$ cat structure28.cif   # mmCIF, C-alpha atoms
data_model
loop_
_atom_site.label_atom_id
_atom_site.label_comp_id
_atom_site.auth_asym_id
_atom_site.auth_seq_id
_atom_site.Cartn_x
_atom_site.Cartn_y
_atom_site.Cartn_z
CA MET R 18 10.39 -12.85 -12.55
CA TYR R 19 13.53 -10.87 -11.88
CA VAL R 20 12.37 -7.50 -10.50
CA ILE R 21 14.38 -4.42 -9.52
CA VAL R 22 12.77 -1.80 -7.27
CA VAL R 23 14.68 1.49 -7.08
CA GLY R 24 14.13 3.53 -3.94
CA VAL R 25 12.72 2.70 -0.50
CA ASN R 26 9.85 4.86 0.76
CA THR R 27 6.29 4.62 2.01
CA ILE R 28 5.09 3.57 -1.42
CA SER R 29 7.68 0.92 -2.16
CA ARG R 30 8.00 -0.79 1.24
CA LYS R 31 4.75 -2.70 0.83
CA LEU R 32 5.62 -3.43 -2.78
CA ILE R 33 8.98 -4.85 -1.70
CA GLU R 34 7.36 -6.98 1.00
CA ASP R 35 4.86 -8.51 -1.44
CA LEU R 36 7.17 -8.97 -4.44
CA SER R 37 9.92 -10.60 -2.40
CA LYS R 38 7.59 -13.50 -1.59
CA ASN R 39 7.11 -14.66 -5.18
CA HIS R 40 9.87 -13.13 -7.30
CA ASP R 41 13.64 -12.68 -7.46
CA LEU R 42 13.72 -9.15 -6.08
CA VAL R 43 16.59 -6.68 -5.94
CA VAL R 44 16.21 -3.34 -4.18
CA VAL R 45 18.46 -0.36 -4.95
CA GLU R 46 18.68 2.16 -2.11
CA GLU R 47 21.17 4.98 -1.55
CA ASP R 48 20.66 5.41 2.18
CA GLU R 49 22.81 2.82 3.97
CA GLU R 50 20.60 2.47 7.07
CA GLU R 51 17.47 2.07 4.96
CA ALA R 52 19.22 -0.50 2.79
CA GLU R 53 20.25 -2.50 5.86
CA ARG R 54 16.70 -2.33 7.22
CA ILE R 55 15.20 -3.72 4.00
CA TYR R 56 17.86 -6.42 3.89
CA SER R 57 16.92 -7.48 7.44
CA ASP R 58 13.16 -7.26 6.99
CA SER R 59 12.63 -8.87 3.58
CA ALA R 60 13.85 -11.66 1.35
CA ALA R 61 15.13 -9.16 -1.22
CA THR R 62 18.71 -8.69 -2.33
CA VAL R 63 19.77 -5.11 -1.59
CA VAL R 64 22.27 -2.97 -3.50
CA ASN R 65 23.39 0.15 -1.64
CA GLY R 66 24.34 3.07 -3.85
CA PRO R 67 23.17 6.08 -5.91
CA PRO R 68 20.19 4.90 -7.98
CA THR R 69 21.15 6.75 -11.17
CA ARG R 70 24.72 5.46 -11.23
CA LEU R 71 25.19 2.96 -14.03
CA SER R 72 27.54 0.71 -12.06
CA VAL R 73 24.97 0.44 -9.23
CA LEU R 74 22.19 -0.60 -11.60
CA GLU R 75 24.54 -3.08 -13.27
CA ASP R 76 25.33 -4.57 -9.85
CA ALA R 77 21.58 -4.90 -9.36
CA GLY R 78 21.42 -6.98 -12.55
CA ILE R 79 19.59 -4.57 -14.82
CA SER R 80 20.76 -6.44 -17.91
CA LYS R 81 18.70 -9.48 -16.89
CA ALA R 82 15.73 -7.76 -15.23
CA ASP R 83 12.22 -8.61 -16.37
CA VAL R 84 10.72 -5.58 -14.59
CA LEU R 85 12.24 -2.31 -13.37
CA VAL R 86 10.30 -0.17 -10.88
CA PRO R 87 11.68 3.31 -10.09
CA THR R 88 9.75 4.65 -7.06
CA LEU R 89 11.92 7.65 -6.11
CA SER R 90 10.30 10.94 -5.07
CA ASP R 91 12.37 12.83 -7.67
CA ASP R 92 10.81 12.70 -11.14
CA ASN R 93 14.15 13.45 -12.81
CA GLN R 94 15.83 10.51 -11.10
CA ASN R 95 12.97 8.19 -12.02
CA LEU R 96 13.25 9.34 -15.62
CA VAL R 97 17.00 8.66 -15.71
CA VAL R 98 16.55 5.18 -14.19
CA SER R 99 13.73 4.44 -16.65
CA MET R 100 15.84 5.51 -19.62
CA ILE R 101 18.73 3.32 -18.47
CA GLY R 102 16.30 0.43 -18.11
CA LYS R 103 15.00 0.87 -21.64
CA LYS R 104 18.58 1.16 -22.92
CA TYR R 105 19.39 -2.19 -21.31
CA GLY R 106 16.32 -3.74 -22.85
CA VAL R 107 14.26 -4.28 -19.70
CA PRO R 108 10.91 -5.60 -21.06
CA LYS R 109 8.74 -3.71 -18.57
CA VAL R 110 9.44 -0.46 -16.74
CA VAL R 111 6.85 0.85 -14.26
CA THR R 112 7.69 4.18 -12.67
CA ARG R 113 6.30 6.55 -10.05
CA VAL R 114 5.53 10.01 -11.43
CA GLU R 115 4.39 13.12 -9.59
CA ASN R 116 4.47 15.78 -12.31
CA PRO R 117 1.98 15.05 -15.12
CA GLU R 118 4.25 16.94 -17.53
CA TYR R 119 6.52 13.88 -17.57
CA GLN R 120 3.76 11.70 -19.00
CA GLU R 121 4.51 12.60 -22.62
CA ILE R 122 8.14 11.54 -22.51
CA TYR R 123 7.25 8.36 -20.63
CA SER R 124 4.72 7.61 -23.36
CA ILE R 125 7.47 8.01 -25.97
CA LEU R 126 9.72 5.68 -23.95
CA GLU R 127 6.83 3.17 -23.57
CA VAL R 128 7.16 3.26 -19.80
CA ASN R 129 4.17 2.48 -17.59
CA THR R 130 3.47 5.17 -15.00
CA ILE R 131 1.78 5.26 -11.60
CA GLU R 132 0.81 8.78 -10.55
CA TYR R 133 1.47 9.43 -6.89
CA THR R 134 -1.28 12.05 -6.87
CA ASP R 135 -3.77 9.32 -7.83
CA ILE R 136 -2.83 7.34 -4.73
CA VAL R 137 -3.35 10.36 -2.48
CA TYR R 138 -6.58 11.20 -4.32
CA GLY R 139 -7.93 7.74 -3.51
CA GLU R 140 -7.39 8.37 0.20
CA PHE R 141 -9.22 11.73 -0.01
CA ILE R 142 -12.17 10.18 -1.84
CA SER R 143 -12.39 7.47 0.80
CA ALA R 144 -12.40 10.04 3.61
CA ILE R 145 -15.07 12.13 1.87
CA GLU R 146 -17.41 9.37 0.70
CA HIS R 147 -16.99 7.07 3.71
CA PRO R 148 -16.80 9.53 6.65
CA SER R 149 -17.80 6.91 9.23
CA ILE R 150 -14.90 4.67 8.21
CA LEU R 151 -11.53 6.12 9.17
CA LYS R 152 -8.22 4.67 8.06
CA VAL R 153 -5.85 4.29 11.00
CA ALA R 154 -2.81 2.65 9.40
CA ASN R 155 -1.40 0.30 6.82
CA ILE R 156 0.03 -2.90 8.23
CA GLY R 157 1.75 -5.94 6.79
CA LYS R 158 0.33 -8.50 4.38
CA GLY R 159 -1.73 -5.96 2.46
CA LYS R 160 -4.02 -5.07 5.36
CA GLU R 161 -5.38 -1.82 6.77
CA ILE R 162 -6.58 -0.91 10.24
CA LEU R 163 -9.89 0.97 10.12
CA GLU R 164 -12.00 2.68 12.76
CA ILE R 165 -15.73 2.30 12.07
CA ILE R 166 -17.76 4.91 13.95
CA VAL R 167 -21.22 3.94 15.16
CA ASP R 168 -23.22 7.02 14.12
CA THR R 169 -26.83 7.80 14.98
CA GLY R 170 -29.03 5.42 13.04
CA SER R 171 -26.15 3.12 12.11
CA ARG R 172 -26.99 -0.51 11.39
CA LEU R 173 -24.33 -1.43 13.94
CA GLU R 174 -26.07 0.16 16.91
CA ASP R 175 -27.07 -2.39 19.58
CA LEU R 176 -25.52 -5.30 17.63
CA ARG R 177 -22.97 -7.77 18.98
CA VAL R 178 -19.88 -8.50 16.89
CA ASP R 179 -21.19 -11.90 15.86
CA GLU R 180 -24.41 -10.21 14.71
CA VAL R 181 -22.38 -7.72 12.64
CA GLN R 182 -20.67 -10.65 10.95
CA GLU R 183 -24.06 -12.10 10.09
CA LEU R 184 -25.30 -8.99 8.26
CA ASP R 185 -26.28 -9.65 4.63
CA ASP R 186 -23.25 -9.66 2.31
CA PHE R 187 -20.86 -8.82 5.15
CA PRO R 188 -17.36 -10.01 4.07
CA ALA R 189 -16.65 -11.75 7.37
CA GLU R 190 -13.66 -13.70 6.01
CA ASN R 191 -11.90 -10.42 5.12
CA VAL R 192 -12.62 -8.51 8.34
CA GLU R 193 -10.96 -9.11 11.70
CA PHE R 194 -12.47 -7.37 14.74
CA SER R 195 -9.76 -5.98 17.00
CA ALA R 196 -11.32 -3.71 19.64
CA VAL R 197 -14.19 -1.42 20.59
CA LEU R 198 -13.35 2.13 21.68
CA ARG R 199 -15.93 3.54 24.10
CA GLU R 200 -15.17 6.95 25.61
CA ASP R 201 -11.85 6.37 27.42
CA GLU R 202 -12.08 2.59 27.39
CA VAL R 203 -10.65 -0.01 25.02
CA LEU R 204 -12.94 -3.04 25.10
CA ARG R 205 -12.56 -6.48 23.64
CA PRO R 206 -15.26 -7.22 21.03
CA ARG R 207 -16.59 -10.17 23.00
CA GLU R 208 -19.90 -11.83 22.20
CA THR R 209 -21.83 -10.21 25.07
CA LEU R 210 -20.79 -6.65 24.17
CA ARG R 211 -23.38 -4.62 22.28
CA LEU R 212 -22.30 -1.60 20.24
CA LYS R 213 -23.55 1.82 21.27
CA GLU R 214 -23.83 5.16 19.51
CA GLU R 215 -20.42 6.92 19.34
CA ASP R 216 -18.55 3.64 19.84
CA SER R 217 -15.70 2.98 17.42
CA LEU R 218 -15.16 -0.53 16.11
CA VAL R 219 -11.52 -1.17 15.21
CA VAL R 220 -11.10 -3.72 12.41
CA ILE R 221 -8.39 -5.13 10.17
CA ILE R 222 -9.43 -5.49 6.52
CA ASP R 223 -8.32 -6.02 2.95
CA PRO R 224 -8.29 -2.47 1.45
CA GLU R 225 -10.24 -3.45 -1.66
CA ILE R 226 -13.40 -4.12 0.37
CA LYS R 227 -13.54 -0.66 1.99
CA GLY R 228 -16.20 0.64 -0.39
CA GLU R 229 -18.18 -2.57 -0.06
CA LEU R 230 -18.00 -2.27 3.70
CA HIS R 231 -19.40 1.24 3.56
CA GLN R 232 -22.35 0.15 1.45
CA ILE R 233 -23.18 -2.61 3.92
CA LEU R 234 -22.88 -0.51 7.06
CA GLU R 235 -24.43 2.78 5.92
#
$ encode --input "structure28.cif" --output "structure tokens"
Amino acid sequence: MYVIVVGVNTISRKLIEDLSKNHDLVVVEEDEEEAERIYSDSAATVVNGPPTRLSVLEDAGISKADVLVPTLSDDNQNLVVSMIGKKYGVPKVVTRVENPEYQEIYSILEVNTIEYTDIVYGEFISAIEHPSILKVANIGKGKEILEIIVDTGSRLEDLRVDEVQELDDFPAENVEFSAVLREDEVLRPRETLRLKEEDSLVVIIDPEIKGELHQILE
């Protein structure tokens, strides 16, 4: 598919990385340094210029786009870009929206929306419902770094890493053990090391298994 992503930010960077692997991707970004960074770091074509300017979107190939994705932080700009996309007959427009009041007009335009507040909400729910599993960072290739705290009574207490991997239903193929944090020490999760209460096990995972991981380790 021919995909245009408008705007580079924390939301769209991962999207750009993933889409550029399998699609003809063009990124529109107004900030010159950010545009150069995306050009260097991804396989995407980058158009530098104001995202709501018609000539910039035409340079990006909007007339032949299969999908248009406005991800700007300004709802008004996303709306303008979406309207231009619909005017040029882009079959699918998927836009970021922060203010729910814009939903009605997007519905009239037949534009798919992704609410930014929903993304943040998901992180809050995770922190509330899975307090022993802390998100440290997003990294490349759709992975997250998590810190799993060994609480009192945790199934992890006194287990070696290989024994953790052998727990029933543990998604071993989707979890990479990186380190064990013990007081002021950073320890390698070697086979002879047994986890203790208040240790933190640092892992790299696929985000979609976070809830599953909590159920297994609680």
$ atom_distance --input "structure28.cif" --atom1 "CA of Asp92 (chain R)" --atom2 "CA of Glu115 (chain R)"
6.6 Å
$ residues_around --input "structure28.cif" --residues "Pro188 (chain R)" --least-positions-apart "2" --cutoff "9 Å" --atoms "all atoms listed in the file" --output "JSON, numbers by chain"
{"R": [182, 185, 186, 190, 191, 192, 226, 229, 230]}
$ write_last_selection --input "structure28.cif" --atoms "C-alpha atoms" --output "mmCIF file, keeping the file's coordinate frame"
data_model
loop_
_atom_site.group_PDB
_atom_site.id
_atom_site.type_symbol
_atom_site.label_atom_id
_atom_site.label_comp_id
_atom_site.auth_asym_id
_atom_site.auth_seq_id
_atom_site.Cartn_x
_atom_site.Cartn_y
_atom_site.Cartn_z
ATOM 1 C CA GLN R 182 -20.670 -10.650 10.950
ATOM 2 C CA ASP R 185 -26.280 -9.650 4.630
ATOM 3 C CA ASP R 186 -23.250 -9.660 2.310
ATOM 4 C CA GLU R 190 -13.660 -13.700 6.010
ATOM 5 C CA ASN R 191 -11.900 -10.420 5.120
ATOM 6 C CA VAL R 192 -12.620 -8.510 8.340
ATOM 7 C CA ILE R 226 -13.400 -4.120 0.370
ATOM 8 C CA GLU R 229 -18.180 -2.570 -0.060
ATOM 9 C CA LEU R 230 -18.000 -2.270 3.700
#
$ closest_residue --input "structure28.cif" --among "R:Val167, R:Ala61, R:Met18, R:Ile125" --to "Ile33 (chain R)" --atoms "all atoms listed in the file"
R:Ala61
$ resolve_selection --input "structure28.cif" --expression "the PyMOL selection byres ((chain R and resi 170) around 12)" --output "JSON, numbers by chain"
{"R": [149, 166, 167, 168, 169, 171, 172, 173, 174, 175, 213, 214, 215, 234, 235]}
$ residues_around --input "structure28.cif" --residues "Asn95 (chain R)" --least-positions-apart "5" --cutoff "8 Å" --atoms "only C-alpha atoms" --output "number ranges by chain"
R: 87-90, 112-114
$ resolve_selection --input "structure28.cif" --expression "the PyMOL selection byres ((chain R and resi 73) around 12)" --output "PyMOL selection string"
chain R and resi 21+23+43-47+63-72+74-80+98+101
$ closest_residue --input "structure28.cif" --among "R:Ala154, R:Val107, R:Leu96, R:Leu210" --to "Asp179 (chain R)" --atoms "only C-alpha atoms"
R:Leu210
$ resolve_selection --input "structure28.cif" --expression "the PyMOL selection byres ((chain R and resi 84) around 9)" --output "JSON list (two decimals) with C-alpha atoms, in the coordinates of the input"
[["chain", "number", "residue", "atom", "x", "y", "z"],
["R", 18, "MET", "CA", 10.39, -12.85, -12.55],
["R", 19, "TYR", "CA", 13.53, -10.87, -11.88],
["R", 20, "VAL", "CA", 12.37, -7.50, -10.50],
["R", 21, "ILE", "CA", 14.38, -4.42, -9.52],
["R", 22, "VAL", "CA", 12.77, -1.80, -7.27],
["R", 79, "ILE", "CA", 19.59, -4.57, -14.82],
["R", 82, "ALA", "CA", 15.73, -7.76, -15.23],
["R", 83, "ASP", "CA", 12.22, -8.61, -16.37],
["R", 85, "LEU", "CA", 12.24, -2.31, -13.37],
["R", 86, "VAL", "CA", 10.30, -0.17, -10.88],
["R", 102, "GLY", "CA", 16.30, 0.43, -18.11],
["R", 107, "VAL", "CA", 14.26, -4.28, -19.70],
["R", 108, "PRO", "CA", 10.91, -5.60, -21.06],
["R", 109, "LYS", "CA", 8.74, -3.71, -18.57],
["R", 110, "VAL", "CA", 9.44, -0.46, -16.74],
["R", 111, "VAL", "CA", 6.85, 0.85, -14.26]]
$ atom_distance --input "structure28.cif" --atom1 "CA of Ile131 (chain R)" --atom2 "CA of Leu151 (chain R)"
24.7 Å
$ atom_distance --input "structure28.cif" --atom1 "CA of Ile222 (chain R)" --atom2 "CA of Glu164 (chain R)"
10.6 Å
$ residues_around --input "structure28.cif" --residues "Ile221 (chain R)" --least-positions-apart "2" --cutoff "8 Å" --atoms "only C-alpha atoms" --output "PyMOL selection string"
chain R and resi 160-163+192-195+219+223
$ write_last_selection --input "structure28.cif" --atoms "C-alpha atoms" --output "mmCIF file, in the coordinates of the input"
data_model
loop_
_atom_site.group_PDB
_atom_site.id
_atom_site.type_symbol
_atom_site.label_atom_id
_atom_site.label_comp_id
_atom_site.auth_asym_id
_atom_site.auth_seq_id
_atom_site.Cartn_x
_atom_site.Cartn_y
_atom_site.Cartn_z
ATOM 1 C CA LYS R 160 -4.020 -5.070 5.360
ATOM 2 C CA GLU R 161 -5.380 -1.820 6.770
ATOM 3 C CA ILE R 162 -6.580 -0.910 10.240
ATOM 4 C CA LEU R 163 -9.890 0.970 10.120
ATOM 5 C CA VAL R 192 -12.620 -8.510 8.340
ATOM 6 C CA GLU R 193 -10.960 -9.110 11.700
ATOM 7 C CA PHE R 194 -12.470 -7.370 14.740
ATOM 8 C CA SER R 195 -9.760 -5.980 17.000
ATOM 9 C CA VAL R 219 -11.520 -1.170 15.210
ATOM 10 C CA ASP R 223 -8.320 -6.020 2.950
#
$ axis_aligned_box --input "structure28.cif" --around "region 171-186 of chain R" --padding-each-side "6 Å" --output "JSON"
{"center_x": -23.5, "center_y": -4.5, "center_z": 10.9, "size_x": 19.2, "size_y": 27.2, "size_z": 29.3}
